[in-house]
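Notes follow the structure.
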Amino acid sequence: MPNKANIESKILDAAYKLFLEKGYRHTTMDDISQLLGMSKKTLYKYFPGKFELLAASFEVTKTKLTAKLEAIVENRYISFPLKLKSTLTVMASLLGPINPELFEDLREHAPEIWEGLEQYINESAYTRFKQLLDQGIKEGLVNPSVNVSLVVMLYAAAVKSLMDPKFIGQFPETLQKGMKVPPADIYDQAITIIYNGILTEEARNEFANA
């Protein structure tokens, strides 16, 4: 007989799948129960509503992401450029499936979760991205004249701003049309620009070939 943790995990997987596909506003508890083949009464025994499902889904996602990033950063057997490339791949894998409409829903209808995501990005940038930069400088693969604090803030600002529909909506329509690409591609290009600006020529070549 499945235990409570397994059932909750199955529910969260189903809910997150629907949030990614349909956004938060357009996903209902009926949708989630139907996908699970579970009655709404049973679903409510585990989660009181879809807001709690959304919050728990993002907590699971952040926990998984943290574990993957820490494993990369702490691995002594991976070269610095490969660590950069690997962190880029992991972050892109998180953002890739997300419907841009979900970011808009978070901003407008679940501000607590949106703020938690912003805080997570800031903390992750400081604790892990800064650690990577310090390693790169120590190994002579990051330009030593680079202001690490500035680069960390640029990184966090780029990730947060490019996820924020309101930020993108401030620009002319012609520019907005150029952003009609998957979030993972936006992140990949933006962060690659930052990397190329701070790496030495040797490290840039390694990063490009990693």
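Scheme for the structure tokens: letters A, B, ... for chains in order shown; per-chain residue numbers from 1; ligand numbers from 1 in order shown.
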
Problem - Test item: residues at most 8 Å from stretch 160-172 of chain A, only C-alpha atoms, excluding those fewer than 6 positions along its chain, as a PyMOL selection string - result: chain A and resi 100+103-104+107+118+121+183+186-187

Exercise for the section: Write out as a list in words each polymer residue whose atoms come within 12 Å of A:Gln131, counting only C-alpha atoms; drop sequence neighbours fewer than 2 positions from it. Expected result: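 That gives Leu69, Glu70, Ile72, Val73, Glu74, Phe80, Lys83, Leu84, Glu123, Ser124, Ala125, Tyr126, Thr127, Arg128, Phe129, Leu133, Asp134, Gln135, Gly136, Ile137, Lys138, Val148, Ser149 and Val152 of chain A.
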
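Minimum atom-to-atom distances from A:Leu199, A:Leu88, A:Ala56, A:Leu43 to A:Glu139 were compared using only C-alpha atoms, and the lowest value belongs to A:Leu199.
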
Practice task
Determine, counting only C-alpha atoms, which protein, DNA and RNA residues have an atom within 9 Å of an atom of A:Ile194; residues of the same chain fewer than 3 positions away are not included. Present the result as a PyMOL selection string.
Solution key: chain A and resi 151+154-155+189-191+197-199
